[in-house]
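Asker: Structure in structure tokens, see below.
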Amino acid sequence: MEDQKIVDLYWERSEAAISETQKKYGRYCHYIAYHILYSDEDAEECVNDTYIKAWNAMPPHRPQLLSAFLGKITRNTALDRCHYEHAKKRSKEMTLVLDEMGQCIPTEKDGGSMADELALKEAINGFMRSLKPQTRMIFVRRYWYLCSVKEIAKDFELSVSNVKIILLRTRNKFKEYLEQEGIEI
């Protein structure tokens, strides 16, 4: 079923919206949640929470890109669950990913405006468009899906050290790009 028809089902408050979402995006959402939680059971619960949150968000929200909308909900739900369950003892991989990106992105400041958030979003999108496809996919797999360097290396048939170098160089370019865009880090 096309995304627009699925969204229409949500707006009509039809329970078929959930089943159609599950058919089309269940594996995608599970993939996102699993790479954050590393537990099939927790990932499945997170995906179910995603369906509920999508149900509650539509209406009034009508997403332009359903996959991105669901992916964002799943990712945020999984991160919230991970923070809750591992409050003081985060997984080593997540701590590493957050530390890596913490060197590149601006920290939240008191009084941060919506304009600042929009500028950061536009800068991130511009930077991502500037990357070669493989580099962009590696960067997204690491920092959006929170995949391990080892897993990325295997999937792209690269050495672990090669992936680490690509990520380091890309983070450095990202930091430079944000600075050129006038975004303070």
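Chain labels A, B, ... are given in the sequence in which chains occur in the structure tokens; within each chain residues are numbered consecutively from 1, and ligands are likewise numbered from 1 in the order shown.
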When DSSP works through the backbone of this structure, what residues of segment 34-81 of chain A end up as alpha helix (DSSP H), shown as an MDAnalysis selection string?
Answerer: chainID A and resid 34:37 40:57 66:81
Asker: Residues near Gly126 of chain A, anyone? I mean within 12 Å using only C-alpha atoms, not counting same-chain ones fewer than 6 positions away, as a list of chain:residue names.
Answerer: A:Ala119, A:Leu120, A:Arg136, A:Phe174, A:Tyr177, A:Leu178, A:Gln180, A:Glu181
Asker: Skip segment 143-146 of chain A itself and residues of its chain fewer than 6 positions away, then list as a list in words all residues within 7 Å of it, counting only C-alpha atoms.
Answerer: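 Everything that qualifies: Ile32, His35, Ile36 and Val97 of chain A.
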Asker: Those residues with N, CA and C atoms, as a PDB file, in the first residue's frame please?
Answerer:
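Output (selection25.pdb):
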ATOM      1  N   ILE A  32      15.981  -0.442  13.281  1.00  0.00           N
ATOM      2  CA  ILE A  32      16.421   0.766  13.994  1.00  0.00           C
ATOM      3  C   ILE A  32      16.475   0.494  15.495  1.00  0.00           C
ATOM      4  N   HIS A  35      19.280  -1.988  16.747  1.00  0.00           N
ATOM      5  CA  HIS A  35      20.649  -1.480  16.759  1.00  0.00           C
ATOM      6  C   HIS A  35      20.892  -0.470  17.874  1.00  0.00           C
ATOM      7  N   ILE A  36      19.869  -0.096  18.563  1.00  0.00           N
ATOM      8  CA  ILE A  36      20.025   0.751  19.736  1.00  0.00           C
ATOM      9  C   ILE A  36      19.933  -0.092  21.005  1.00  0.00           C
ATOM     10  N   VAL A  97      29.465   6.339  20.377  1.00  0.00           N
ATOM     11  CA  VAL A  97      28.821   7.087  19.295  1.00  0.00           C
ATOM     12  C   VAL A  97      28.484   8.503  19.748  1.00  0.00           C
TER      13      VAL A  97
END
Asker: Using only C-alpha atoms, can you tell me which of A:Lys154, A:His30, A:Lys132, A:Arg171 comes closest to Arg75 of chain A?
Answerer: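 Ranking A:Lys154, A:His30, A:Lys132, A:Arg171 by distance to Arg75 of chain A, first place goes to A:His30.
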Asker: Need the shell around Asp8 of chain A: protein/DNA/RNA residues with any atom at most 10 Å away, counting only C-alpha atoms. Skip same-chain ones fewer than 5 positions apart. Format as a list in words?
Answerer: Asp3, Arg13, Ser14, Ala17, Met58, Pro59 and Arg62 of chain A
Asker: Got time to write the residues from that selection, N, CA and C atoms, as a PDB file, in the first residue's frame?
Answerer:
ATOM      1  N   ASP A   3       2.240   4.985   0.834  1.00  0.00           N
ATOM      2  CA  ASP A   3       2.325   5.710   2.096  1.00  0.00           C
ATOM      3  C   ASP A   3       1.145   6.658   2.302  1.00  0.00           C
ATOM      4  N   ARG A  13      -8.889   7.137  11.275  1.00  0.00           N
ATOM      5  CA  ARG A  13      -8.888   6.390  12.523  1.00  0.00           C
ATOM      6  C   ARG A  13      -9.234   4.922  12.299  1.00  0.00           C
ATOM      7  N   SER A  14      -8.776   4.398  11.185  1.00  0.00           N
ATOM      8  CA  SER A  14      -8.990   2.997  10.853  1.00  0.00           C
ATOM      9  C   SER A  14      -7.876   2.147  11.452  1.00  0.00           C
ATOM     10  N   ALA A  17      -4.705   0.960   9.610  1.00  0.00           N
ATOM     11  CA  ALA A  17      -3.488   1.771   9.486  1.00  0.00           C
ATOM     12  C   ALA A  17      -2.322   1.091  10.182  1.00  0.00           C
ATOM     13  N   MET A  58      -1.181  11.276  14.383  1.00  0.00           N
ATOM     14  CA  MET A  58      -1.951  11.509  13.148  1.00  0.00           C
ATOM     15  C   MET A  58      -3.432  11.300  13.429  1.00  0.00           C
ATOM     16  N   PRO A  59      -4.302  12.223  13.202  1.00  0.00           N
ATOM     17  CA  PRO A  59      -4.020  13.643  13.080  1.00  0.00           C
ATOM     18  C   PRO A  59      -3.573  14.229  14.418  1.00  0.00           C
ATOM     19  N   ARG A  62       0.444  15.351   9.534  1.00  0.00           N
ATOM     20  CA  ARG A  62       0.369  14.562   8.304  1.00  0.00           C
ATOM     21  C   ARG A  62       1.791  14.518   7.735  1.00  0.00           C
TER      22      ARG A  62
END
